[in-house]
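Following: one structure in structure tokens, then a few remarks.
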Amino acid sequence: MSKLSRRAWMVMLVVVLGVAVVLVVGRARAREADAQMLATWKAELGGQTFPERFPSRPTNSAAVELDRIVAEIGIDLLGLEATGNDLDAPSVDSELTLGLTKVRLYLTTLNASKAGKLPAPAEELQEFRQRAAPVTQAVIAALNEGPLPQWGMDLSRGFEAPIPNFLGQLQLVDLLVFEAMEQSRTGTTEAALEALEAAWRLSGTAREMPYLISQLIANSQVKRHLLALRQMCDVPAVWGERLRELDPHQGLTRAFHGEAWVAYHTASLDELPALGSRLPPSRFAPERWMLRDHARRLAKLTAELSMEPLNTFDPAVFGARAAEQIPRWQIYSRQILPNLWDPWARTTRIGLSSELAALVIEERARLAAGGQIGESGLVPSQPSRIEGLTWRFERSADAVTISLDGELVTPAPIAPGKMPLPLSYTIHRGECAALS
């Protein structure tokens, strides 16, 4: 063998050994990262795994019945996968479907309201409410008196796990909150609270699921509750307690971990659905490796996210820092992760607006018990549960304004003209007498 050939063989051997070392070290690091990731998920779920905490289950009869009730006004709760097809769906008057859209637009325009009495809805909305009344009352009775709907869940299917139609649930919560607000506006507080209770119970069924979409929809549903609770009088103290216990960041953190787990689990399935389910099933090993790598990156960034101060979190800054950690070949992470940071920032505002609504409920209860609106000697401020922020009470003879004090980074609006949730609210003397 010539000297040149021996050198060529030596170079090839060094390259092979180098590649082997890289693969061995990389595999060891991956195993270490996996062990840490699995431990994090167990800690997040109180010592359980995701399949243990969220076992497979069918859609229960209460969910099927609720879907049947609301189908009359064009709301679909189960989605086509659960029903097989929509051939048996009842025909729906287009005016009812349009009415649901108008209710949503009406509530959206009121989201940013910062004072008590709200304008009456347009006559066409009131007519829609009358037409939908039998369905609305049947839904309230089903949710408040019967078992809660349970939506089918099967995490073992990975990316192809069935999910209910959460947008349909949001439509139904809109209808129930609209009913509550109208009952409150006309002075029937008990009926208003029944409608709001039904909406809250329905929202809870989305909030307890580990999907990102379910948490985002649950947060949107909370916005509707806050709108109603801010303007209602004689709200029981339990609502203030519920709002103070609400931790939307906890649900979102669990959902981020859930998204990572689903990606990690999907990589182990016999047939691997491609991203977006636009490509045929694949057994291509690099794609599986890429999914596991994506899961590790998401789990790591979720841990980093939880360490960020909520009041100064800037999704653009965090997103840019996260993007620097993602190589160009990692198409899963590059497509999915940039969409997560804005919802995290917006969830901070939802949590703060929930605190504000709780303070409004408590202040109205104080006034109803005989307290004076401009009473001296009251605590001028209360700390927020978000570090660095405080709620300030500004009292005069005729009103009290509760507003947030401190530094808060606010992300840009999702769409032009879309108003953010309020972080201040004014209660005027005698407004509850005027509302009742």
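Just so we're on the same page: first chain in the structure tokens is A, next is B, and so on; residues restart at 1 for each chain, and ligands are numbered from 1 in the order they show up.
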
Run DSSP on the backbone and tell me which residues of stretch 10-217 of chain A come out as helix (DSSP H, G or I); list them as JSON, numbers by chain.
{"A": [10, 11, 12, 13, 14, 15, 16, 17, 18, 19, 20, 21, 22, 23, 24, 25, 26, 27, 28, 29, 30, 31, 32, 33, 34, 35, 36, 37, 38, 39, 40, 41, 42, 43, 44, 50, 51, 52, 53, 61, 62, 63, 64, 65, 66, 67, 68, 69, 70, 71, 72, 73, 80, 81, 82, 83, 94, 95, 96, 97, 98, 99, 100, 101, 102, 103, 104, 105, 106, 107, 108, 109, 110, 123, 124, 125, 126, 127, 128, 129, 130, 131, 132, 133, 134, 135, 136, 137, 138, 139, 140, 141, 142, 143, 144, 145, 155, 156, 157, 158, 159, 160, 166, 167, 168, 169, 170, 171, 172, 173, 174, 175, 176, 177, 178, 179, 180, 181, 182, 183, 184, 185, 189, 190, 191, 192, 193, 194, 195, 196, 197, 198, 199, 200, 201, 202, 203, 204, 205, 206, 207, 212, 213, 214, 215, 216, 217]}

Report as a Markdown table: every residue of stretch 278-368 of chain A with an atom at most 10 Å from stretch 206-220 of chain A, its closest pair of atoms, and their distance in Å to one decimal, counting only C-alpha atoms, with rows sorted by chain and ascending residue number.
```
| residue | atom | partner | partner_atom | distance |
| --- | --- | --- | --- | --- |
| A:Leu340 | CA | A:Leu212 | CA | 9.2 |
| A:Pro343 | CA | A:Leu216 | CA | 7.7 |
| A:Trp344 | CA | A:Leu216 | CA | 9.9 |
| A:Arg346 | CA | A:Asn219 | CA | 9.5 |
| A:Thr347 | CA | A:Asn219 | CA | 7.5 |
| A:Ile350 | CA | A:Asn219 | CA | 7.2 |
| A:Gly351 | CA | A:Asn219 | CA | 9.3 |
```

What does the file look like for those residues with N, CA and C atoms, as a CSV table (one decimal), in the first residue's frame?
```csv
chain,number,residue,atom,x,y,z
A,340,LEU,N,-45.9,31.7,19.9
A,340,LEU,CA,-46.2,31.5,21.3
A,340,LEU,C,-46.0,32.6,22.2
A,343,PRO,N,-49.0,35.4,22.8
A,343,PRO,CA,-50.1,35.0,23.8
A,343,PRO,C,-49.6,35.0,25.2
A,344,TRP,N,-48.4,34.7,25.5
A,344,TRP,CA,-47.9,34.8,26.9
A,344,TRP,C,-48.0,36.2,27.4
A,346,ARG,N,-50.0,38.6,26.3
A,346,ARG,CA,-51.4,39.0,26.4
A,346,ARG,C,-52.1,38.3,27.6
A,347,THR,N,-51.6,37.2,28.0
A,347,THR,CA,-52.2,36.5,29.1
A,347,THR,C,-51.9,37.3,30.4
A,350,ILE,N,-54.8,39.6,30.7
A,350,ILE,CA,-56.0,38.9,31.2
A,350,ILE,C,-55.9,38.7,32.7
A,351,GLY,N,-54.8,38.2,33.2
A,351,GLY,CA,-54.7,38.0,34.6
A,351,GLY,C,-54.9,39.3,35.4
```

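Interatomic distance, atom CA of A:Leu107 against atom CA of A:Arg185: 14.2 Å.
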
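Of the residues under consideration (A:Pro162, A:Lys102, A:Glu355, A:Pro338), A:Pro338 shows the shortest atom-to-atom contact distance to A:Phe318 when counting only C-alpha atoms.
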
Residues within 8 Å of A:Ser381, only C-alpha atoms, excluding chain neighbours under 4 positions, as a count of residues only:
4

List as a PyMOL selection string the protein and nucleic acid residues near A:Ser61, meaning an atom at most 12 Å away when only C-alpha atoms are counted, but skip any in the same chain fewer than 4 places from it.
chain A and resi 65-68+78+142+146-152
